[in-house]
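Text of the file model.txt, holding compact mmCIF, C-alpha atoms (C1' of nucleotides) and all ligand atoms:
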# COMPACT_ATOMS: atom_id res chain seq x y z
CA MET A 16 0.00 0.00 0.00
CA SER A 17 1.61 3.19 -1.17
CA CYS A 18 1.51 6.47 0.71
CA GLU A 19 -1.01 7.65 -1.89
CA SER A 20 -3.78 5.27 -0.88
CA GLU A 21 -5.58 7.79 1.29
CA THR A 22 -5.54 10.34 -1.51
CA ILE A 23 -6.87 7.77 -3.94
CA ASP A 24 -9.87 7.17 -1.70
CA VAL A 25 -10.53 10.90 -1.45
CA LEU A 26 -10.52 11.15 -5.23
CA ARG A 27 -12.75 8.15 -5.75
CA GLU A 28 -15.26 9.33 -3.17
CA SER A 29 -15.67 12.59 -5.05
CA GLY A 30 -16.55 10.78 -8.25
CA HIS A 31 -13.14 10.71 -9.90
CA LYS A 32 -11.44 7.71 -11.41
CA MET A 33 -7.96 6.52 -10.70
CA THR A 34 -5.78 6.03 -13.73
CA PRO A 35 -2.10 5.16 -14.07
CA GLN A 36 -1.43 8.68 -15.36
CA ARG A 37 -3.05 10.25 -12.32
CA MET A 38 -1.22 7.89 -10.07
CA MET A 39 2.11 8.98 -11.51
CA ILE A 40 1.27 12.66 -11.35
CA LEU A 41 0.18 12.22 -7.76
CA THR A 42 3.39 10.41 -6.86
CA SER A 43 5.44 13.12 -8.49
CA LEU A 44 3.77 15.77 -6.36
CA ARG A 45 3.79 13.81 -3.13
CA HIS A 46 7.50 13.01 -3.34
CA ALA A 47 8.71 16.43 -4.49
CA SER A 48 10.75 18.44 -2.03
CA GLY A 49 9.46 21.82 -3.18
CA HIS A 50 7.66 23.52 -6.03
CA LEU A 51 7.07 21.79 -9.37
CA SER A 52 6.02 23.25 -12.70
CA ALA A 53 3.62 21.41 -14.98
CA ALA A 54 6.59 20.74 -17.27
CA ASP A 55 8.57 19.22 -14.38
CA ILE A 56 5.74 16.82 -13.66
CA PHE A 57 5.28 16.07 -17.34
CA GLU A 58 8.96 15.10 -17.69
CA GLN A 59 8.87 12.86 -14.65
CA VAL A 60 5.74 11.05 -15.77
CA LYS A 61 6.94 10.77 -19.36
CA ALA A 62 10.06 8.93 -18.19
CA ALA A 63 7.88 6.05 -17.00
CA TYR A 64 5.04 6.35 -19.51
CA PRO A 65 6.06 8.16 -22.71
CA TYR A 66 2.53 8.49 -24.10
CA VAL A 67 1.21 10.98 -21.54
CA ASP A 68 0.05 14.26 -22.88
CA ILE A 69 0.74 17.57 -21.22
CA SER A 70 -3.00 18.30 -21.26
CA THR A 71 -3.57 15.30 -19.03
CA VAL A 72 -1.08 16.75 -16.58
CA TYR A 73 -2.85 20.09 -16.57
CA ARG A 74 -6.26 18.48 -16.24
CA THR A 75 -5.13 16.37 -13.30
CA LEU A 76 -3.59 19.40 -11.67
CA THR A 77 -6.92 21.18 -12.04
CA VAL A 78 -8.73 18.34 -10.32
CA LEU A 79 -6.22 18.18 -7.47
CA LYS A 80 -6.43 21.95 -7.09
CA GLU A 81 -10.23 21.85 -6.91
CA MET A 82 -9.97 19.32 -4.13
CA ARG A 83 -7.36 21.51 -2.46
CA LEU A 84 -4.83 18.70 -2.31
CA ILE A 85 -2.31 20.90 -4.11
CA SER A 86 -1.76 24.64 -4.48
CA GLU A 87 -1.02 26.53 -7.67
CA THR A 88 1.12 29.61 -7.22
CA HIS A 89 2.65 32.17 -9.55
CA MET A 90 5.99 33.02 -8.01
CA GLY A 91 6.98 35.60 -10.60
CA GLY A 92 9.47 33.46 -12.52
CA GLY A 93 7.73 32.16 -15.61
CA ASP A 94 5.48 29.13 -15.16
CA ALA A 95 3.05 28.45 -12.37
CA THR A 96 4.29 26.18 -9.60
CA PHE A 97 2.41 23.40 -7.87
CA GLU A 98 2.99 22.01 -4.42
CA TRP A 99 1.38 19.40 -2.23
CA VAL A 100 -0.63 21.07 0.52
CA ALA A 101 0.83 19.36 3.56
CA SER A 102 -0.64 19.57 7.01
CA GLU A 103 1.90 22.21 7.95
CA ARG A 104 1.05 25.08 5.64
CA HIS A 105 3.48 27.75 4.64
CA HIS A 106 3.68 30.81 2.44
CA HIS A 107 6.37 32.76 0.64
CA LEU A 108 7.77 36.28 0.55
CA ILE A 109 9.22 37.14 -2.85
CA CYS A 110 11.47 40.15 -3.35
CA ARG A 111 10.70 42.03 -6.54
CA HIS A 112 14.22 43.46 -6.61
CA CYS A 113 16.54 40.48 -5.98
CA ASN A 114 13.93 37.76 -6.65
CA GLY A 115 14.80 36.10 -3.35
CA VAL A 116 12.17 33.72 -1.98
CA THR A 117 11.75 33.10 1.74
CA LEU A 118 9.30 31.19 3.87
CA LEU A 119 6.53 32.83 5.85
CA ASP A 120 5.01 30.89 8.68
CA HIS A 121 1.32 30.12 8.41
CA THR A 122 0.55 31.82 11.71
CA TYR A 123 0.79 35.24 10.04
CA LEU A 124 -2.04 34.41 7.67
CA GLU A 125 -4.05 32.23 10.01
CA LYS A 126 -4.97 35.34 11.96
CA LEU A 127 -6.10 37.06 8.77
CA GLY A 128 -8.22 34.07 7.83
CA SER A 129 -9.97 33.82 11.17
CA GLN A 130 -10.60 37.56 11.29
CA ILE A 131 -12.22 37.50 7.85
CA GLU A 132 -14.30 34.49 8.79
CA ARG A 133 -15.44 36.08 12.03
CA GLU A 134 -16.21 39.52 10.66
CA VAL A 135 -17.28 38.84 7.08
CA GLY A 136 -18.41 35.21 7.22
CA PHE A 137 -16.17 34.30 4.29
CA HIS A 138 -14.03 31.18 4.71
CA ALA A 139 -10.71 31.98 3.03
CA ASP A 140 -8.63 29.19 1.49
CA ILE A 141 -5.27 30.27 2.78
CA ASP A 142 -3.21 27.40 1.45
CA HIS A 143 -0.05 28.84 -0.10
CA PHE A 144 0.30 32.57 -0.62
CA ALA A 145 3.01 34.35 -2.59
CA ILE A 146 3.49 37.84 -1.23
CA PHE A 147 5.62 40.16 -3.33
CA GLY A 148 7.56 43.13 -2.00
CA LEU A 149 11.04 44.27 -0.99
CA CYS A 150 13.24 42.17 1.26
CA ALA A 151 15.13 43.80 4.14
CA ASP A 152 18.40 43.97 2.19
CA CYS A 153 16.89 45.49 -0.93
CA LYS A 154 14.86 47.92 1.15
CA ARG A 155 18.08 49.20 2.72
CA GLU A 156 19.79 49.40 -0.66
CA THR A 157 16.89 51.26 -2.24
CA ALA A 158 16.72 53.76 0.63
CA SER A 159 20.43 54.67 0.41
CA ASN A 160 20.60 56.20 -3.05
CA MET B 23 -4.08 69.67 -18.43
CA SER B 24 -5.53 66.21 -18.15
CA CYS B 25 -5.79 64.27 -14.93
CA GLU B 26 -2.93 62.11 -16.24
CA SER B 27 -0.29 64.85 -16.08
CA GLU B 28 1.05 63.79 -12.71
CA THR B 29 1.40 60.20 -13.86
CA ILE B 30 3.19 61.35 -16.99
CA ASP B 31 5.78 63.14 -14.87
CA VAL B 32 6.28 60.04 -12.74
CA LEU B 33 6.90 57.97 -15.85
CA ARG B 34 9.29 60.49 -17.39
CA GLU B 35 11.27 60.85 -14.20
CA SER B 36 11.89 57.13 -14.16
CA GLY B 37 13.37 57.20 -17.65
CA HIS B 38 10.29 56.28 -19.65
CA LYS B 39 8.93 58.08 -22.68
CA MET B 40 5.41 59.25 -23.22
CA THR B 41 3.78 58.06 -26.42
CA PRO B 42 0.23 58.44 -27.74
CA GLN B 43 -0.31 54.71 -27.23
CA ARG B 44 0.74 54.91 -23.60
CA MET B 45 -1.38 57.95 -23.10
CA MET B 46 -4.44 56.11 -24.34
CA ILE B 47 -3.75 53.02 -22.28
CA LEU B 48 -3.27 55.22 -19.24
CA THR B 49 -6.52 57.05 -19.86
CA SER B 50 -8.35 53.78 -20.27
CA LEU B 51 -7.14 52.58 -16.88
CA ARG B 52 -7.65 55.87 -15.07
CA HIS B 53 -11.23 56.28 -16.24
CA ALA B 54 -12.34 52.67 -15.75
CA SER B 55 -14.81 52.01 -13.00
CA GLY B 56 -13.46 48.58 -12.14
CA HIS B 57 -11.25 45.81 -13.45
CA LEU B 58 -10.06 45.72 -17.06
CA SER B 59 -8.53 42.88 -19.02
CA ALA B 60 -5.73 43.49 -21.49
CA ALA B 61 -8.25 42.77 -24.24
CA ASP B 62 -10.64 45.41 -22.85
CA ILE B 63 -7.90 48.02 -22.95
CA PHE B 64 -6.82 46.88 -26.39
CA GLU B 65 -10.34 47.35 -27.75
CA GLN B 66 -10.70 50.79 -26.25
CA VAL B 67 -7.39 52.02 -27.59
CA LYS B 68 -7.96 50.46 -30.99
CA ALA B 69 -11.17 52.44 -31.36
CA ALA B 70 -9.14 55.65 -31.42
CA TYR B 71 -5.95 54.30 -32.98
CA PRO B 72 -6.45 51.11 -35.00
CA TYR B 73 -2.76 50.37 -35.45
CA VAL B 74 -1.97 49.51 -31.83
CA ASP B 75 -0.69 46.05 -31.20
CA ILE B 76 -1.74 43.94 -28.24
CA SER B 77 1.93 43.53 -27.33
CA THR B 78 2.21 47.26 -26.80
CA VAL B 79 -0.68 47.05 -24.38
CA TYR B 80 0.97 44.22 -22.45
CA ARG B 81 4.31 45.99 -22.42
CA THR B 82 2.78 49.19 -21.12
CA LEU B 83 0.91 47.25 -18.48
CA THR B 84 4.20 45.69 -17.40
CA VAL B 85 5.78 49.13 -17.02
CA LEU B 86 2.84 50.50 -15.05
CA LYS B 87 2.87 47.42 -12.85
CA GLU B 88 6.59 47.77 -12.15
CA MET B 89 5.96 51.33 -11.02
CA ARG B 90 3.03 50.06 -8.95
CA LEU B 91 0.61 52.47 -10.59
CA ILE B 92 -1.65 49.55 -11.46
CA SER B 93 -2.24 46.09 -10.06
CA GLU B 94 -2.52 42.84 -11.98
CA THR B 95 -4.81 40.26 -10.45
CA HIS B 96 -6.02 36.83 -11.45
CA MET B 97 -9.60 36.67 -10.27
CA GLY B 98 -10.24 33.13 -11.41
CA GLY B 99 -12.33 33.93 -14.48
CA GLY B 100 -10.04 33.63 -17.46
CA ASP B 101 -7.76 36.58 -18.18
CA ALA B 102 -5.81 38.67 -15.72
CA THR B 103 -7.42 41.93 -14.67
CA PHE B 104 -5.76 45.29 -14.25
CA GLU B 105 -6.85 48.16 -12.06
CA TRP B 106 -5.55 51.58 -11.17
CA VAL B 107 -4.08 51.55 -7.69
CA ALA B 108 -5.97 54.42 -6.13
CA SER B 109 -5.11 56.02 -2.83
CA GLU B 110 -7.85 54.00 -1.13
CA ARG B 111 -6.71 50.43 -1.59
CA HIS B 112 -9.04 47.50 -1.55
CA HIS B 113 -9.00 43.75 -2.00
CA HIS B 114 -11.44 41.05 -3.03
CA LEU B 115 -12.94 37.89 -1.65
CA ILE B 116 -13.85 35.44 -4.40
CA CYS B 117 -16.12 32.46 -3.76
CA ARG B 118 -14.92 29.31 -5.46
CA HIS B 119 -18.43 27.90 -5.41
CA CYS B 120 -20.69 30.71 -6.69
CA ASN B 121 -17.89 32.85 -8.15
CA GLY B 122 -19.20 35.86 -6.24
CA VAL B 123 -16.74 38.71 -5.77
CA THR B 124 -16.92 41.06 -2.81
CA LEU B 125 -14.78 43.87 -1.49
CA LEU B 126 -12.43 43.51 1.44
CA ASP B 127 -11.31 46.63 3.21
CA HIS B 128 -7.59 47.34 3.17
CA THR B 129 -7.43 47.46 6.96
CA TYR B 130 -7.53 43.65 7.13
CA LEU B 131 -4.34 43.36 5.14
CA GLU B 132 -2.65 46.48 6.44
CA LYS B 133 -2.17 44.74 9.76
CA LEU B 134 -0.63 41.73 8.03
CA GLY B 135 1.75 43.99 6.13
CA SER B 136 2.94 45.89 9.17
CA GLN B 137 3.39 42.70 11.17
CA ILE B 138 5.53 41.16 8.43
CA GLU B 139 7.55 44.34 8.12
CA ARG B 140 8.10 44.56 11.87
CA GLU B 141 8.94 40.92 12.48
CA VAL B 142 10.60 39.83 9.24
CA GLY B 143 11.85 43.12 7.79
CA PHE B 144 10.14 42.43 4.48
CA HIS B 145 8.09 45.24 2.97
CA ALA B 146 5.05 43.61 1.36
CA ASP B 147 3.36 45.24 -1.63
CA ILE B 148 -0.20 44.78 -0.54
CA ASP B 149 -1.91 46.58 -3.39
CA HIS B 150 -4.81 44.42 -4.54
CA PHE B 151 -5.24 40.89 -3.24
CA ALA B 152 -7.65 38.26 -4.51
CA ILE B 153 -8.50 35.84 -1.74
CA PHE B 154 -10.36 32.71 -2.76
CA GLY B 155 -12.60 30.67 -0.51
CA LEU B 156 -16.24 30.02 0.33
CA CYS B 157 -18.70 32.85 0.90
CA ALA B 158 -21.09 32.72 3.85
CA ASP B 159 -24.00 31.49 1.73
CA CYS B 160 -22.07 28.73 0.02
CA LYS B 161 -20.50 27.71 3.31
CA ARG B 162 -23.96 27.17 4.75
CA GLU B 163 -25.12 25.30 1.65
CA THR B 164 -22.08 23.03 1.66
CA ALA B 165 -22.50 22.25 5.35
CA SER B 166 -26.15 21.19 4.98
CA ASN B 167 -25.84 18.19 2.67
C1' DT C 23 16.10 73.27 -35.79
C1' DC C 24 19.08 69.15 -36.34
C1' DC C 25 21.45 65.26 -34.23
C1' DT C 26 22.11 61.59 -31.02
C1' DT C 27 20.66 58.52 -27.82
C1' DT C 28 17.69 55.37 -25.95
C1' DG C 29 13.33 53.65 -25.13
C1' DT C 30 9.10 52.16 -27.83
C1' DT C 31 6.36 50.13 -31.49
C1' DG C 32 4.42 46.68 -34.77
C1' DC C 33 4.89 42.36 -36.44
C1' DA C 34 5.81 37.66 -36.34
C1' DA C 35 7.25 33.75 -33.93
C1' DC C 36 7.14 31.54 -29.73
C1' DG C 37 5.80 29.45 -25.09
C1' DA C 38 2.35 28.25 -21.62
C1' DT C 39 -2.17 26.68 -20.68
C1' DT C 40 -6.91 25.49 -22.16
C1' DT C 41 -10.49 23.34 -24.84
C1' DG C 42 -13.32 20.34 -28.32
C1' DC C 43 -13.80 16.01 -29.74
C1' DA C 44 -13.51 11.17 -30.75
C1' DT C 45 -11.82 7.22 -28.46
C1' DC C 46 -10.86 4.71 -24.45
C1' DT C 47 -11.14 2.83 -19.76
C1' DA C 48 -12.14 2.62 -14.66
C1' DC C 49 -15.88 1.58 -12.06
C1' DT C 50 -20.63 -0.29 -11.09
C1' DC C 51 -24.15 -3.38 -11.59
C1' DT C 52 -25.79 -7.45 -13.25
C1' DA D 25 -16.99 -12.35 -16.40
C1' DG D 26 -19.77 -8.99 -19.45
C1' DA D 27 -22.22 -4.66 -20.39
C1' DG D 28 -23.22 0.06 -19.51
C1' DT D 29 -21.99 4.62 -18.03
C1' DA D 30 -19.55 8.41 -16.65
C1' DG D 31 -15.36 10.24 -16.59
C1' DA D 32 -10.40 10.40 -18.54
C1' DT D 33 -7.07 10.43 -22.29
C1' DG D 34 -4.53 11.90 -26.48
C1' DC D 35 -4.36 14.78 -30.17
C1' DA D 36 -5.01 18.99 -32.47
C1' DA D 37 -6.46 23.56 -32.48
C1' DA D 38 -7.26 27.63 -30.00
C1' DT D 39 -6.20 31.22 -26.51
C1' DC D 40 -3.51 34.20 -23.62
C1' DG D 41 0.62 36.34 -22.91
C1' DT D 42 5.76 36.98 -24.05
C1' DT D 43 9.84 37.93 -26.81
C1' DG D 44 13.36 39.06 -30.78
C1' DC D 45 14.09 42.23 -34.01
C1' DA D 46 14.25 45.98 -37.30
C1' DA D 47 12.11 50.39 -37.95
C1' DC D 48 10.59 54.39 -35.43
C1' DA D 49 10.04 58.43 -32.40
C1' DA D 50 10.57 60.86 -27.73
C1' DA D 51 13.68 63.51 -25.08
C1' DG D 52 17.66 66.19 -24.53
C1' DG D 53 21.48 68.88 -26.08
C1' DA D 54 24.28 71.47 -29.74
MN MN A 201 5.87 26.54 -1.02
MN MN A 202 -10.41 45.72 -7.40
ZN ZN A 203 15.65 41.57 -2.27
ZN ZN A 204 -20.47 31.57 -2.82
Represent the supplied structure as structure tokens.
Amino acid sequence: MSCESETIDVLRESGHKMTPQRMMILTSLRHASGHLSAADIFEQVKAAYPYVDISTVYRTLTVLKEMRLISETHMGGGDATFEWVASERHHHLICRHCNGVTLLDHTYLEKLGSQIEREVGFHADIDHFAIFGLCADCKRETASN
Amino acid sequence: MSCESETIDVLRESGHKMTPQRMMILTSLRHASGHLSAADIFEQVKAAYPYVDISTVYRTLTVLKEMRLISETHMGGGDATFEWVASERHHHLICRHCNGVTLLDHTYLEKLGSQIEREVGFHADIDHFAIFGLCADCKRETASN
DNA sequence: TCCTTTGTTGCAACGATTTGCATCTACTCT
DNA sequence: AGAGTAGATGCAAATCGTTGCAACAAAGGA
């Protein structure tokens, strides 16, 4: 029994079918250390099953996104990136000057989410935010000129 | 003197040139009531000057974005939307179930920005966020089934 | 006004993602 | 196991946005 079995059940219970392609895409995402582009996933899957089409990858990503098993994030550098939404959520700060990417603990956004829910009644999906801006170093540099 | 004159100065001072095409794109954004897609702007400008190319629109939007005069936001429905960043900022809550879009006051995110700046030293550009989730109505509906 | 510099434009080609459609296959029910 | 159905796949075409390049035009100075 692979570590994907729970996910497979979740998919089946929501009316989706499990196919070898999906299985491979799922495995690729579950075992990735960080962010993957659709092309990354496509390459990995193609190595084992050369007939996959990139549209199948995108369609599977759409399904997984809808079920909130993965996040899709535009981090500024070209293609969208996808990441498994683990139990310990995190977010990113991206510097628009040096393009540096750092982690932001979920606690910062958890407060925002609960405040919105309490005061507006809207339940925000705060899975994986990319917040752009100026990092401390670039802020200093920009100020001194 | 049009209401764009101040913006023109800002652009010139940062080494950019003012062209009729830019002027028209700028006017389109300044006078829009809400969100515009690149295609919307393209159509408007083309009405007055049929030779514009869509790439000029995108390139101008990129410049205006870099100067943070406008925001670019993916609101879930197809193309990216662009909006003038007025002095009174605002954000949006977008329901993933009914696709409803509502306003979110900037105060909610201002706190987040100042906390990140204080504790991490990162200056976040919190201009125009799109926060997805479930609105109060759809939350209720989803719970009762 | 004329010249020089440098950023901008239009066009065409390209890259990323989505979509329509015919075929196929995982799942369910005999 | 066999048949039926709903959903998934592969392929091709379309869409949205980006980029290289040669021609062009603002801005600034002589
Ligand atoms: Mn991440
Ligand atoms: Mn808005
Ligand atoms: Zn930086
Ligand atoms: Zn809703």
re CA of Asp24 in chain A and CA of Thr71 in chain A: distance 20.2 Å
*asked:* Quick check: residues of chain A within 8 Å of chain C, only C-alpha atoms (C1' of nucleotides), returned as an MDAnalysis selection string.
replied: chainID A and resid 32:34 73 94
*For chain B, which residues have at least one atom within 6 Å of chain A, if we go by all atoms listed in the file? Write them as a list in words, please.*
Gly143, Phe144, His145, Ala146, Asp147, Phe154, Gly155, Leu156, Cys157 and Ala158 of chain B
task: Select all residues from chain B having any atom no more than 12 Å from an atom of chain D (counting only C-alpha atoms (C1' of nucleotides), ignoring ligands), output as a PyMOL selection string.
output: chain B and resi 34-35+37-42+59-61+76-81+83-84+100-102
Using only C-alpha atoms and all ligand atoms, tabulate the residues of chain A lying at most 9 Å from any atom of ligand MN 201 (chain A), each with its closest atom pair and that distance in Å to one decimal, by chain and increasing residue number, as a tab-separated table.
residue	atom	partner	partner_atom	distance
A:Gly49	CA	A:MN201	MN	6.3
A:His50	CA	A:MN201	MN	6.1
A:Ser86	CA	A:MN201	MN	8.6
A:Thr88	CA	A:MN201	MN	8.4
A:Thr96	CA	A:MN201	MN	8.7
A:Phe97	CA	A:MN201	MN	8.3
A:Glu98	CA	A:MN201	MN	6.4
A:Trp99	CA	A:MN201	MN	8.5
A:Val100	CA	A:MN201	MN	8.6
A:Arg104	CA	A:MN201	MN	8.3
A:His105	CA	A:MN201	MN	6.3
A:His106	CA	A:MN201	MN	5.9
A:His107	CA	A:MN201	MN	6.5
A:Leu118	CA	A:MN201	MN	7.6
A:His143	CA	A:MN201	MN	6.4
A:Phe144	CA	A:MN201	MN	8.2
A:Ala145	CA	A:MN201	MN	8.5
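Overlaying the C-alpha atoms of chain A on those of chain B by least squares yields an RMSD of 0.1 Å.
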- Name the residues in contact with Met89 in chain B at a cut-off of 9 Å, using all atoms listed in the file, excluding same-chain residues fewer than 5 positions from it; report them as a list in words. Val32, Leu33, Ser36 and Thr84 of chain B
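Across the model, the gap from CA of Leu51 in chain B to CA of Ile63 in chain B is 7.6 Å.
Pairwise distance (CA of Glu94 in chain B, CA of Asp62 in chain B) equals 13.8 Å.
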Expected axis-aligned box over every listed atom of range 40-50 of chain C, 3 Å added per side, centre plus edges in Å to one decimal, as lines of an AutoDock Vina configuration file:
center_x = -13.8
center_y = 12.6
center_z = -20.9
size_x = 19.7
size_y = 31.8
size_z = 25.7
